[in-house]
$ cat upload-v2.txt   # compact mmCIF, C-alpha atoms (C1' of nucleotides)
# COMPACT_ATOMS: atom_id res chain seq x y z
CA MET A 405 -68.88 80.64 61.93
CA HIS A 406 -71.27 82.32 64.37
CA GLY A 407 -73.09 85.58 64.03
CA ALA A 408 -72.44 88.17 66.73
CA VAL A 409 -73.19 86.65 70.12
CA LYS A 410 -75.82 88.54 72.03
CA VAL A 411 -74.18 89.66 75.25
CA PRO A 412 -75.70 88.30 78.48
CA LYS A 413 -76.24 91.79 79.84
CA ASP A 414 -78.75 92.58 77.10
CA VAL A 415 -80.71 89.46 77.93
CA ILE A 416 -80.66 90.09 81.66
CA ASP A 417 -81.70 93.72 81.27
CA GLY A 418 -84.47 92.71 78.90
CA LEU A 419 -85.86 90.35 81.50
CA ARG A 420 -85.56 92.85 84.32
CA THR A 421 -87.61 95.46 82.49
CA GLN A 422 -90.29 92.80 82.18
CA GLY A 423 -90.50 92.28 85.91
CA PHE A 424 -88.29 89.21 86.21
CA LYS A 425 -85.49 88.97 88.70
CA LEU A 426 -81.77 88.87 88.30
CA THR A 427 -80.72 85.91 90.40
CA ASN A 428 -77.33 84.25 90.74
CA ALA A 429 -78.58 81.14 88.98
CA ARG A 430 -80.04 83.08 86.08
CA ARG A 431 -76.92 85.13 85.54
CA ALA A 432 -74.64 82.10 85.78
CA ILE A 433 -76.74 79.99 83.41
CA VAL A 434 -76.74 82.71 80.76
CA GLU A 435 -72.99 83.07 81.15
CA VAL A 436 -72.31 79.37 80.74
CA LEU A 437 -74.59 79.10 77.71
CA CYS A 438 -72.84 82.02 76.04
CA ALA A 439 -69.38 80.70 76.80
CA ARG A 440 -70.15 77.34 75.21
CA SER A 441 -69.57 76.70 71.54
CA MET A 442 -71.86 73.70 71.41
CA PRO A 443 -75.24 72.77 72.90
CA VAL A 444 -75.16 71.79 76.60
CA SER A 445 -77.21 69.23 78.51
CA VAL A 446 -78.70 70.11 81.88
CA ALA A 447 -76.28 67.71 83.58
CA GLU A 448 -73.31 69.45 81.96
CA LEU A 449 -74.77 72.81 82.83
CA ILE A 450 -75.09 71.89 86.50
CA ALA A 451 -71.49 70.63 86.59
CA GLU A 452 -70.25 73.82 84.95
CA LEU A 453 -72.24 75.97 87.37
CA ALA A 454 -70.76 74.09 90.34
CA LYS A 455 -67.27 74.68 88.95
CA ARG A 456 -67.98 78.40 88.92
CA GLY A 457 -69.25 78.32 92.48
CA ALA A 458 -72.87 78.83 91.49
CA ARG A 459 -74.51 75.60 92.61
CA ALA A 460 -78.11 75.17 91.54
CA ASP A 461 -80.61 72.39 91.95
CA LYS A 462 -81.57 70.55 88.78
CA THR A 463 -85.18 71.67 89.19
CA THR A 464 -84.04 75.26 89.10
CA VAL A 465 -81.98 74.66 85.98
CA TYR A 466 -84.78 72.87 84.17
CA ARG A 467 -87.19 75.64 85.06
CA GLU A 468 -84.78 78.35 84.02
CA ILE A 469 -84.11 76.65 80.69
CA LEU A 470 -87.83 76.32 80.06
CA PHE A 471 -88.28 79.96 80.95
CA MET A 472 -85.60 80.96 78.45
CA GLN A 473 -86.98 78.70 75.75
CA GLU A 474 -90.39 80.30 76.09
CA ARG A 475 -88.78 83.71 75.59
CA GLY A 476 -86.70 82.68 72.59
CA ILE A 477 -83.42 83.15 74.43
CA VAL A 478 -82.49 79.50 74.24
CA ASP A 479 -83.11 76.76 71.67
CA GLN A 480 -83.42 73.05 72.26
CA VAL A 481 -81.72 70.45 70.09
CA GLN A 482 -81.74 66.65 70.08
CA PHE A 483 -78.93 64.53 68.76
CA GLY A 484 -80.50 61.09 68.81
CA ASP A 485 -79.80 60.11 72.39
CA ARG A 486 -82.30 60.69 75.14
CA VAL A 487 -80.72 63.90 76.36
CA LYS A 488 -81.98 67.31 75.40
CA ARG A 489 -79.36 69.97 74.80
CA TYR A 490 -79.68 73.71 74.81
CA GLU A 491 -77.87 76.61 73.24
CA PHE A 492 -78.03 80.34 73.32
CA ARG A 493 -79.92 81.65 70.30
CA ASP A 494 -77.58 83.78 68.28
CA ASP A 495 -78.59 85.94 65.35
CA GLY A 496 -77.53 83.71 62.49
CA HIS A 497 -79.70 80.60 62.33
CA HIS A 498 -77.46 77.60 61.90
CA HIS A 499 -77.57 73.83 61.96
CA HIS A 500 -75.38 71.19 63.55
CA LEU A 501 -72.85 68.66 62.40
CA VAL A 502 -72.40 65.94 65.00
CA CYS A 503 -69.54 63.44 65.09
CA VAL A 504 -71.06 60.05 65.82
CA GLU A 505 -67.74 58.86 67.26
CA CYS A 506 -66.63 61.54 69.71
CA GLY A 507 -69.81 63.60 69.92
CA VAL A 508 -68.22 66.92 69.07
CA VAL A 509 -70.63 69.39 67.50
CA VAL A 510 -69.82 72.14 65.05
CA ASP A 511 -72.15 74.70 63.53
CA VAL A 512 -73.17 74.66 59.89
CA PRO A 513 -74.59 77.95 58.59
CA LEU A 514 -75.86 76.32 55.35
CA GLU A 515 -76.38 79.08 52.80
CA ASN A 516 -78.85 76.80 51.01
CA ASP A 517 -82.02 78.48 52.12
CA LEU A 518 -84.52 76.36 53.92
CA GLU A 519 -86.66 79.41 54.59
CA ALA A 520 -87.62 79.35 50.93
CA ALA A 521 -88.38 75.66 51.22
CA GLU A 522 -90.61 76.39 54.20
CA LYS A 523 -92.61 78.85 52.12
CA VAL A 524 -93.17 76.23 49.46
CA ILE A 525 -94.20 73.66 52.03
CA GLU A 526 -96.60 76.10 53.66
CA ARG A 527 -98.26 76.79 50.34
CA LYS A 528 -98.55 73.11 49.47
CA THR A 529 -99.72 71.83 52.85
CA GLY A 530 -101.54 74.74 54.47
CA TYR A 531 -99.39 74.47 57.61
CA ALA A 532 -98.06 77.54 59.41
CA ILE A 533 -94.44 76.54 59.92
CA THR A 534 -92.81 77.96 63.03
CA ARG A 535 -89.41 76.31 63.00
CA HIS A 536 -87.33 73.44 61.71
CA SER A 537 -84.46 71.41 63.03
CA LEU A 538 -81.70 70.05 60.84
CA GLU A 539 -78.81 67.98 62.10
CA PHE A 540 -76.10 66.26 60.11
CA PHE A 541 -74.33 63.18 61.48
CA GLY A 542 -70.98 61.83 60.44
CA VAL A 543 -67.40 61.16 61.45
CA CYS A 544 -65.10 64.10 62.11
CA PRO A 545 -61.56 64.31 60.67
CA ASP A 546 -59.99 63.38 64.03
CA CYS A 547 -62.03 60.18 64.33
CA ARG A 548 -61.55 58.86 60.80
CA MET B 710 -96.28 61.25 48.83
CA HIS B 711 -94.32 58.09 49.60
CA GLY B 712 -92.12 56.06 47.32
CA ALA B 713 -93.12 52.43 46.82
CA VAL B 714 -93.29 50.72 50.19
CA LYS B 715 -91.03 47.73 50.48
CA VAL B 716 -93.26 44.79 51.24
CA PRO B 717 -92.71 43.02 54.58
CA LYS B 718 -92.18 39.68 52.87
CA ASP B 719 -89.00 40.95 51.20
CA VAL B 720 -87.63 42.06 54.52
CA ILE B 721 -88.51 38.85 56.31
CA ASP B 722 -87.06 36.69 53.55
CA GLY B 723 -83.92 38.78 53.52
CA LEU B 724 -83.43 38.16 57.22
CA ARG B 725 -84.15 34.45 56.96
CA THR B 726 -81.47 33.89 54.37
CA GLN B 727 -79.05 35.51 56.81
CA GLY B 728 -79.80 33.01 59.54
CA PHE B 729 -82.34 35.02 61.50
CA LYS B 730 -85.66 33.61 62.53
CA LEU B 731 -89.17 34.44 61.53
CA THR B 732 -90.99 34.90 64.82
CA ASN B 733 -94.50 36.13 65.48
CA ALA B 734 -93.19 39.31 67.06
CA ARG B 735 -90.89 40.09 64.18
CA ARG B 736 -93.55 39.55 61.57
CA ALA B 737 -96.11 41.60 63.49
CA ILE B 738 -93.73 44.48 64.13
CA VAL B 739 -92.82 44.75 60.46
CA GLU B 740 -96.50 44.67 59.55
CA VAL B 741 -97.43 47.43 61.97
CA LEU B 742 -94.54 49.63 60.86
CA CYS B 743 -95.51 49.23 57.22
CA ALA B 744 -99.17 49.91 57.89
CA ARG B 745 -98.40 53.18 59.65
CA SER B 746 -98.15 56.43 57.75
CA MET B 747 -96.22 58.18 60.49
CA PRO B 748 -93.41 57.26 62.89
CA VAL B 749 -94.47 55.10 65.86
CA SER B 750 -93.22 55.07 69.44
CA VAL B 751 -92.51 51.77 71.17
CA ALA B 752 -95.52 52.32 73.45
CA GLU B 753 -97.80 52.77 70.45
CA LEU B 754 -96.25 49.79 68.76
CA ILE B 755 -96.93 47.57 71.78
CA ALA B 756 -100.55 48.74 71.93
CA GLU B 757 -101.01 48.08 68.23
CA LEU B 758 -99.46 44.64 68.54
CA ALA B 759 -101.79 43.79 71.42
CA LYS B 760 -104.78 44.85 69.32
CA ARG B 761 -103.69 42.40 66.66
CA GLY B 762 -103.34 39.60 69.18
CA ALA B 763 -99.55 39.59 69.02
CA ARG B 764 -98.56 40.62 72.52
CA ALA B 765 -94.88 41.28 73.03
CA ASP B 766 -92.86 42.46 75.98
CA LYS B 767 -91.36 45.93 75.68
CA THR B 768 -87.87 44.45 75.92
CA THR B 769 -88.59 42.36 72.85
CA VAL B 770 -89.87 45.35 70.95
CA TYR B 771 -86.90 47.54 71.85
CA ARG B 772 -84.51 44.79 70.83
CA GLU B 773 -86.30 44.13 67.59
CA ILE B 774 -86.33 47.83 66.71
CA LEU B 775 -82.61 48.06 67.43
CA PHE B 776 -82.02 44.98 65.31
CA MET B 777 -83.89 46.56 62.43
CA GLN B 778 -82.15 49.89 62.82
CA GLU B 779 -78.77 48.19 62.59
CA ARG B 780 -79.85 46.59 59.34
CA GLY B 781 -81.25 49.76 57.81
CA ILE B 782 -84.80 48.46 57.82
CA VAL B 783 -86.03 51.07 60.27
CA ASP B 784 -85.10 54.70 60.93
CA GLN B 785 -85.34 56.58 64.20
CA VAL B 786 -86.72 60.10 64.46
CA GLN B 787 -87.12 62.53 67.34
CA PHE B 788 -89.75 65.23 67.48
CA GLY B 789 -88.61 67.25 70.47
CA ASP B 790 -90.20 65.22 73.24
CA ARG B 791 -88.30 62.50 74.99
CA VAL B 792 -89.85 59.70 72.97
CA LYS B 793 -88.06 58.06 70.08
CA ARG B 794 -90.18 57.13 67.12
CA TYR B 795 -89.50 54.68 64.35
CA GLU B 796 -90.55 54.23 60.78
CA PHE B 797 -90.03 51.77 58.02
CA ARG B 798 -87.33 52.98 55.66
CA ASP B 799 -88.89 53.44 52.27
CA ASP B 800 -87.00 54.18 49.09
CA GLY B 801 -87.58 57.90 48.79
CA HIS B 802 -85.78 59.76 51.56
CA HIS B 803 -88.16 62.27 53.07
CA HIS B 804 -88.49 64.64 56.00
CA HIS B 805 -91.26 65.36 58.47
CA LEU B 806 -93.72 68.11 59.11
CA VAL B 807 -95.07 67.93 62.66
CA CYS B 808 -98.12 69.77 63.95
CA VAL B 809 -97.19 71.22 67.32
CA GLU B 810 -100.87 71.27 68.34
CA CYS B 811 -102.20 67.80 67.53
CA GLY B 812 -98.97 65.97 66.82
CA VAL B 813 -99.95 64.67 63.41
CA VAL B 814 -96.98 64.01 61.14
CA VAL B 815 -96.89 64.19 57.37
CA ASP B 816 -94.00 63.46 55.05
CA VAL B 817 -92.18 66.16 53.11
CA PRO B 818 -90.15 64.90 50.13
CA LEU B 819 -88.34 68.26 49.69
CA GLU B 820 -86.95 68.38 46.16
CA ASN B 821 -84.40 70.95 47.40
CA ASP B 822 -81.40 68.67 47.52
CA LEU B 823 -79.65 68.35 50.83
CA GLU B 824 -77.42 65.65 49.40
CA ALA B 825 -75.62 68.37 47.45
CA ALA B 826 -75.37 70.43 50.62
CA GLU B 827 -73.81 67.45 52.37
CA LYS B 828 -71.13 67.23 49.71
CA VAL B 829 -70.25 70.88 50.21
CA ILE B 830 -70.14 70.46 53.99
CA GLU B 831 -67.93 67.39 53.67
CA ARG B 832 -65.47 69.29 51.51
CA LYS B 833 -65.41 72.26 53.84
CA THR B 834 -65.21 70.39 57.15
CA GLY B 835 -63.51 67.10 56.36
CA TYR B 836 -66.33 65.12 57.98
CA ALA B 837 -67.70 61.94 56.42
CA ILE B 838 -71.44 62.58 56.64
CA THR B 839 -73.57 59.48 57.08
CA ARG B 840 -77.03 60.92 57.55
CA HIS B 841 -79.05 63.98 58.44
CA SER B 842 -82.36 64.60 60.10
CA LEU B 843 -84.67 67.42 59.17
CA GLU B 844 -87.97 68.13 60.86
CA PHE B 845 -90.32 71.03 60.31
CA PHE B 846 -92.68 72.15 63.07
CA GLY B 847 -95.83 74.19 62.69
CA VAL B 848 -99.60 74.23 62.98
CA CYS B 849 -101.66 72.11 60.63
CA PRO B 850 -104.73 73.45 58.80
CA ASP B 851 -107.11 71.66 61.17
CA CYS B 852 -105.55 73.26 64.24
CA ARG B 853 -105.34 76.84 63.02
C1' DT C 173 -85.13 101.30 105.32
C1' DT C 174 -88.67 98.44 105.60
C1' DG C 175 -92.64 95.76 104.35
C1' DA C 176 -95.10 93.31 100.99
C1' DC C 177 -95.68 90.71 96.88
C1' DA C 178 -94.33 87.88 93.26
C1' DA C 179 -90.56 85.49 91.37
C1' DA C 180 -87.36 82.04 92.16
C1' DT C 181 -85.42 78.19 94.80
C1' DG C 182 -84.53 73.58 96.92
C1' DC C 183 -85.95 69.28 98.37
C1' DA C 184 -88.16 64.96 98.05
C1' DA C 185 -90.88 62.09 95.80
C1' DC C 186 -92.39 60.73 91.51
C1' DT C 187 -92.88 59.40 86.27
C1' DG C 188 -91.82 56.92 82.47
C1' DA C 189 -88.69 55.77 78.51
C1' DG C 190 -85.25 52.85 77.81
C1' DT C 191 -81.66 49.12 79.46
C1' DT C 192 -79.55 44.86 81.46
C1' DG C 193 -78.96 40.12 83.21
C1' DC C 194 -80.54 35.78 83.14
C1' DA C 195 -83.20 31.78 82.79
C1' DT C 196 -86.54 29.94 79.37
C1' DT C 197 -88.71 29.17 74.83
C1' DA C 198 -89.12 29.01 69.92
C1' DT C 199 -87.22 28.42 65.28
C1' DA C 200 -84.38 26.48 61.82
C1' DT C 201 -81.12 22.91 60.51
C1' DT C 202 -79.22 18.13 60.45
C1' DA D 486 -86.00 13.83 67.13
C1' DA D 487 -81.71 16.23 68.61
C1' DT D 488 -79.04 20.25 68.46
C1' DA D 489 -77.63 24.95 68.18
C1' DT D 490 -78.63 29.52 68.69
C1' DA D 491 -81.85 33.25 67.89
C1' DA D 492 -85.45 35.30 70.32
C1' DT D 493 -88.37 35.98 74.41
C1' DG D 494 -90.20 37.43 78.99
C1' DC D 495 -89.62 38.95 83.46
C1' DA D 496 -87.84 41.65 87.11
C1' DA D 497 -84.98 44.90 88.52
C1' DC D 498 -82.65 48.81 87.30
C1' DT D 499 -80.98 53.63 85.34
C1' DC D 500 -81.60 58.20 84.73
C1' DA D 501 -83.58 62.42 82.34
C1' DG D 502 -87.07 65.10 83.34
C1' DT D 503 -91.40 66.59 86.25
C1' DT D 504 -94.45 67.97 90.18
C1' DG D 505 -96.02 69.71 94.70
C1' DC D 506 -95.03 72.41 98.32
C1' DA D 507 -92.89 75.01 101.77
C1' DT D 508 -89.16 78.51 101.93
C1' DT D 509 -86.18 82.12 100.29
C1' DT D 510 -84.88 86.11 97.60
C1' DG D 511 -85.15 90.13 94.53
C1' DT D 512 -87.71 94.25 93.49
C1' DC D 513 -90.29 98.15 94.22
C1' DA D 514 -93.23 101.36 96.52
C1' DA D 515 -94.30 103.64 100.73
$ encode --input "upload-v2.txt" --output "structure tokens"
Amino acid sequence: MHGAVKVPKDVIDGLRTQGFKLTNARRAIVEVLCARSMPVSVAELIAELAKRGARADKTTVYREILFMQERGIVDQVQFGDRVKRYEFRDDGHHHHLVCVECGVVVDVPLENDLEAAEKVIERKTGYAITRHSLEFFGVCPDCR
Amino acid sequence: MHGAVKVPKDVIDGLRTQGFKLTNARRAIVEVLCARSMPVSVAELIAELAKRGARADKTTVYREILFMQERGIVDQVQFGDRVKRYEFRDDGHHHHLVCVECGVVVDVPLENDLEAAEKVIERKTGYAITRHSLEFFGVCPDCR
DNA sequence: TTGACAAATGCAACTGAGTTGCATTATATT
DNA sequence: AATATAATGCAACTCAGTTGCATTTGTCAA
């Protein structure tokens, strides 16, 4: 359901040529984000890092995530609770389908093109639209 | 750009016939929500209530909002920060266009039907979809 | 290899949105 | 007016996320 996943090495190399450093935390965070099929919270990320023997302080993780967001490597999503979740930005823009019972998240590519809708909205409103977020909520087959 | 706004009186009367009480806070909260053209945070709601001489504790406001959400009177939206915002549910389902500079929010009716998309997703995934949230982000004409 | 500089880190203290328990008050009903 | 229960306010709490600052680490040039 995904497009090709950008391999961590590309990301890391890209950063290095821009004068940023390859640290243990950075490498591990990119790895975890790529390995995950659904958006991860910072708390989950820290737990996963610890499991892999790459402990990192929450401040570090928050800063790293912000850093990656600013560079378009990571996207933020919100599912209605107070936690922000993050996911690696792959090539194919997709949306999310969240089970309100168990919380599992699957991707929805949605061929119905919202990019066209954005164009129309821009023309009507005069806004310069930079992004949109679309999440569907429902009950998954296992929880019905 | 809105559908007809349900008048507060209808809502209040509906609740009263179900055994709930008409309190100052409840009346004032409904009024403020109806008067607003964009989603309101609890902090803003409290400030607005105070201005109208209807002070209410934040606990009261949170509980009242939850009460109204459970009854489909109010919808929650999230715009990427950690604050939840609420709006009166009007008849025409719409989406939001948020200016990332000044924060102003306008409604987007979006004729492009996502309900049809939901049907397709339900058939493909086996989920029972209950709702979706769609927000557009960009820069408004005044901020460009 | 080493020294220097900037990037990155960890810690502690903080912020602020949202929640919970409980005793009290207000509203509707009889 | 008495009763039942919905609604309220307060204080204390939770916890995601932030900030300041001193320290460490990665990179690169000499």
$ atom_distance --input "upload-v2.txt" --atom1 "CA of Ala763 in chain B" --atom2 "CA of Val807 in chain B"
29.4 Å
$ interface_residues --input "upload-v2.txt" --of "chain B" --to "chain C" --cutoff "8 Å" --atoms "all atoms listed in the file" --output "PDB file with C-alpha atoms, in the coordinates of the input"
ATOM      1  CA  LYS B 730     -85.660  33.610  62.530  1.00  0.00           C
ATOM      2  CA  LEU B 731     -89.170  34.440  61.530  1.00  0.00           C
ATOM      3  CA  THR B 732     -90.990  34.900  64.820  1.00  0.00           C
ATOM      4  CA  ARG B 791     -88.300  62.500  74.990  1.00  0.00           C
ATOM      5  CA  VAL B 792     -89.850  59.700  72.970  1.00  0.00           C
TER       6      VAL B 792
END
$ closest_atom_pairs --input "upload-v2.txt" --of "chain B" --to "chain A" --cutoff "10 Å" --atoms "all atoms listed in the file" --output "tab-separated table"
residue	atom	partner	partner_atom	distance
B:Gln785	CA	A:Gly484	CA	8.1
B:Val786	CA	A:Gly484	CA	7.7
B:Gln787	CA	A:Gly484	CA	6.9
B:Phe788	CA	A:Gln482	CA	8.5
B:Gly789	CA	A:Gln482	CA	6.9
B:Asp790	CA	A:Lys488	CA	8.8
B:Arg791	CA	A:Arg486	CA	6.3
B:Val792	CA	A:Arg486	CA	7.9
B:Lys793	CA	A:Arg486	CA	8.1
B:His804	CA	A:Leu538	CA	9.9
B:His805	CA	A:His536	CA	9.6
B:Leu806	CA	A:Ile533	CA	8.5
B:Val807	CA	A:Ile533	CA	9.1
B:Cys808	CA	A:Tyr531	CA	8.0
B:Val809	CA	A:Thr534	CA	9.1
B:Val815	CA	A:Thr529	CA	9.3
B:Val817	CA	A:Ile525	CA	7.8
B:Pro818	CA	A:Ile525	CA	9.8
B:Leu819	CA	A:Ala521	CA	7.6
B:Glu820	CA	A:Ala521	CA	9.0
B:Asn821	CA	A:Ala521	CA	7.3
B:Asp822	CA	A:Asn516	CA	9.2
B:Leu823	CA	A:Asn516	CA	8.5
B:Ala825	CA	A:Asn516	CA	9.7
B:Ala826	CA	A:Asn516	CA	7.3
B:Glu827	CA	A:Phe540	CA	8.2
B:Val829	CA	A:Leu514	CA	9.4
B:Ile830	CA	A:Val512	CA	7.9
B:Glu831	CA	A:Gly542	CA	9.3
B:Thr834	CA	A:Pro545	CA	7.9
B:Gly835	CA	A:Pro545	CA	5.5
B:Tyr836	CA	A:Cys544	CA	4.4
B:Ala837	CA	A:Val543	CA	5.1
B:Ile838	CA	A:Gly542	CA	3.9
B:Thr839	CA	A:Gly542	CA	4.8
B:Arg840	CA	A:Phe541	CA	5.3
B:His841	CA	A:Phe540	CA	4.1
B:Ser842	CA	A:Glu539	CA	5.3
B:Leu843	CA	A:Leu538	CA	4.3
B:Glu844	CA	A:Ser537	CA	5.3
B:Phe845	CA	A:His536	CA	4.1
B:Phe846	CA	A:Arg535	CA	5.3
B:Gly847	CA	A:Ile533	CA	3.9
B:Val848	CA	A:Ala532	CA	5.1
B:Cys849	CA	A:Tyr531	CA	4.5
B:Pro850	CA	A:Gly530	CA	5.5
B:Asp851	CA	A:Tyr531	CA	9.0
B:Cys852	CA	A:Tyr531	CA	9.1
B:Arg853	CA	A:Ala532	CA	8.2
$ atom_distance --input "upload-v2.txt" --atom1 "CA of Phe492 in chain A" --atom2 "CA of Val478 in chain A"
4.6 Å
$ interface_residues --input "upload-v2.txt" --of "chain A" --to "chain D" --cutoff "12 Å" --atoms "all atoms listed in the file" --output "compact mmCIF listing (two decimals) with C-alpha atoms, keeping the file's coordinate frame"
# COMPACT_ATOMS: atom_id res chain seq x y z
CA ARG A 420 -85.56 92.85 84.32
CA THR A 421 -87.61 95.46 82.49
CA GLN A 422 -90.29 92.80 82.18
CA GLY A 423 -90.50 92.28 85.91
CA PHE A 424 -88.29 89.21 86.21
CA LYS A 425 -85.49 88.97 88.70
CA LEU A 426 -81.77 88.87 88.30
CA THR A 427 -80.72 85.91 90.40
CA ASN A 428 -77.33 84.25 90.74
CA ALA A 429 -78.58 81.14 88.98
CA SER A 445 -77.21 69.23 78.51
CA VAL A 446 -78.70 70.11 81.88
CA ALA A 447 -76.28 67.71 83.58
CA LYS A 462 -81.57 70.55 88.78
CA THR A 463 -85.18 71.67 89.19
CA THR A 464 -84.04 75.26 89.10
CA VAL A 465 -81.98 74.66 85.98
CA TYR A 466 -84.78 72.87 84.17
CA ARG A 467 -87.19 75.64 85.06
CA LEU A 470 -87.83 76.32 80.06
CA ASP A 485 -79.80 60.11 72.39
CA ARG A 486 -82.30 60.69 75.14
CA VAL A 487 -80.72 63.90 76.36
CA LYS A 488 -81.98 67.31 75.40
CA ARG A 489 -79.36 69.97 74.80
$ atom_distance --input "upload-v2.txt" --atom1 "CA of Asp816 in chain B" --atom2 "CA of Ser746 in chain B"
8.6 Å
$ decode --input "upload-v2.txt" --residues "range 794-817 of chain B" --atoms "N, CA and C atoms" --output "PDB file, in the first residue's frame"
ATOM      1  N   ARG B 794      -9.980  22.083  19.691  1.00  0.00           N
ATOM      2  CA  ARG B 794     -10.958  23.135  19.450  1.00  0.00           C
ATOM      3  C   ARG B 794     -12.308  22.517  19.160  1.00  0.00           C
ATOM      4  N   TYR B 795     -13.343  23.293  19.399  1.00  0.00           N
ATOM      5  CA  TYR B 795     -14.695  22.757  19.264  1.00  0.00           C
ATOM      6  C   TYR B 795     -15.556  23.701  18.474  1.00  0.00           C
ATOM      7  N   GLU B 796     -16.521  23.117  17.756  1.00  0.00           N
ATOM      8  CA  GLU B 796     -17.454  23.947  17.028  1.00  0.00           C
ATOM      9  C   GLU B 796     -18.818  23.310  17.033  1.00  0.00           C
ATOM     10  N   PHE B 797     -19.802  24.168  16.959  1.00  0.00           N
ATOM     11  CA  PHE B 797     -21.178  23.739  16.857  1.00  0.00           C
ATOM     12  C   PHE B 797     -21.326  22.918  15.586  1.00  0.00           C
ATOM     13  N   ARG B 798     -22.037  21.809  15.657  1.00  0.00           N
ATOM     14  CA  ARG B 798     -22.237  21.013  14.446  1.00  0.00           C
ATOM     15  C   ARG B 798     -23.403  21.569  13.647  1.00  0.00           C
ATOM     16  N   ASP B 799     -23.087  22.125  12.509  1.00  0.00           N
ATOM     17  CA  ASP B 799     -24.184  22.628  11.674  1.00  0.00           C
ATOM     18  C   ASP B 799     -24.573  21.538  10.678  1.00  0.00           C
ATOM     19  N   ASP B 800     -25.550  21.811   9.870  1.00  0.00           N
ATOM     20  CA  ASP B 800     -26.085  20.778   8.990  1.00  0.00           C
ATOM     21  C   ASP B 800     -25.111  20.369   7.891  1.00  0.00           C
ATOM     22  N   GLY B 801     -24.544  21.368   7.223  1.00  0.00           N
ATOM     23  CA  GLY B 801     -23.654  21.035   6.116  1.00  0.00           C
ATOM     24  C   GLY B 801     -22.279  20.649   6.638  1.00  0.00           C
ATOM     25  N   HIS B 802     -21.871  19.418   6.388  1.00  0.00           N
ATOM     26  CA  HIS B 802     -20.539  18.992   6.818  1.00  0.00           C
ATOM     27  C   HIS B 802     -19.499  19.761   6.012  1.00  0.00           C
ATOM     28  N   HIS B 803     -18.525  20.322   6.700  1.00  0.00           N
ATOM     29  CA  HIS B 803     -17.507  21.095   6.001  1.00  0.00           C
ATOM     30  C   HIS B 803     -16.124  20.755   6.540  1.00  0.00           C
ATOM     31  N   HIS B 804     -15.112  21.328   5.916  1.00  0.00           N
ATOM     32  CA  HIS B 804     -13.744  21.122   6.366  1.00  0.00           C
ATOM     33  C   HIS B 804     -13.120  22.474   6.642  1.00  0.00           C
ATOM     34  N   HIS B 805     -11.858  22.478   7.063  1.00  0.00           N
ATOM     35  CA  HIS B 805     -11.259  23.743   7.473  1.00  0.00           C
ATOM     36  C   HIS B 805     -10.025  24.099   6.678  1.00  0.00           C
ATOM     37  N   LEU B 806      -9.860  25.397   6.520  1.00  0.00           N
ATOM     38  CA  LEU B 806      -8.672  25.924   5.868  1.00  0.00           C
ATOM     39  C   LEU B 806      -8.018  26.861   6.876  1.00  0.00           C
ATOM     40  N   VAL B 807      -6.837  26.479   7.344  1.00  0.00           N
ATOM     41  CA  VAL B 807      -6.163  27.182   8.438  1.00  0.00           C
ATOM     42  C   VAL B 807      -4.968  27.965   7.927  1.00  0.00           C
ATOM     43  N   CYS B 808      -4.895  29.239   8.283  1.00  0.00           N
ATOM     44  CA  CYS B 808      -3.705  30.016   7.911  1.00  0.00           C
ATOM     45  C   CYS B 808      -2.592  29.718   8.917  1.00  0.00           C
ATOM     46  N   VAL B 809      -1.472  29.240   8.407  1.00  0.00           N
ATOM     47  CA  VAL B 809      -0.373  28.857   9.298  1.00  0.00           C
ATOM     48  C   VAL B 809       0.346  30.077   9.862  1.00  0.00           C
ATOM     49  N   GLU B 810       0.065  31.270   9.318  1.00  0.00           N
ATOM     50  CA  GLU B 810       0.689  32.488   9.829  1.00  0.00           C
ATOM     51  C   GLU B 810      -0.140  33.081  10.961  1.00  0.00           C
ATOM     52  N   CYS B 811      -1.386  33.429  10.668  1.00  0.00           N
ATOM     53  CA  CYS B 811      -2.195  34.137  11.665  1.00  0.00           C
ATOM     54  C   CYS B 811      -3.196  33.250  12.385  1.00  0.00           C
ATOM     55  N   GLY B 812      -3.376  32.027  11.893  1.00  0.00           N
ATOM     56  CA  GLY B 812      -4.253  31.108  12.601  1.00  0.00           C
ATOM     57  C   GLY B 812      -5.727  31.224  12.281  1.00  0.00           C
ATOM     58  N   VAL B 813      -6.089  32.146  11.427  1.00  0.00           N
ATOM     59  CA  VAL B 813      -7.504  32.307  11.083  1.00  0.00           C
ATOM     60  C   VAL B 813      -8.001  31.045  10.377  1.00  0.00           C
ATOM     61  N   VAL B 814      -9.244  30.704  10.632  1.00  0.00           N
ATOM     62  CA  VAL B 814      -9.818  29.476  10.073  1.00  0.00           C
ATOM     63  C   VAL B 814     -11.081  29.805   9.287  1.00  0.00           C
ATOM     64  N   VAL B 815     -11.150  29.326   8.066  1.00  0.00           N
ATOM     65  CA  VAL B 815     -12.383  29.483   7.294  1.00  0.00           C
ATOM     66  C   VAL B 815     -12.898  28.100   6.915  1.00  0.00           C
ATOM     67  N   ASP B 816     -14.191  28.028   6.665  1.00  0.00           N
ATOM     68  CA  ASP B 816     -14.784  26.744   6.303  1.00  0.00           C
ATOM     69  C   ASP B 816     -14.629  26.459   4.813  1.00  0.00           C
ATOM     70  N   VAL B 817     -14.512  25.191   4.499  1.00  0.00           N
ATOM     71  CA  VAL B 817     -14.426  24.746   3.105  1.00  0.00           C
ATOM     72  C   VAL B 817     -15.470  23.651   2.907  1.00  0.00           C
TER      73      VAL B 817
END
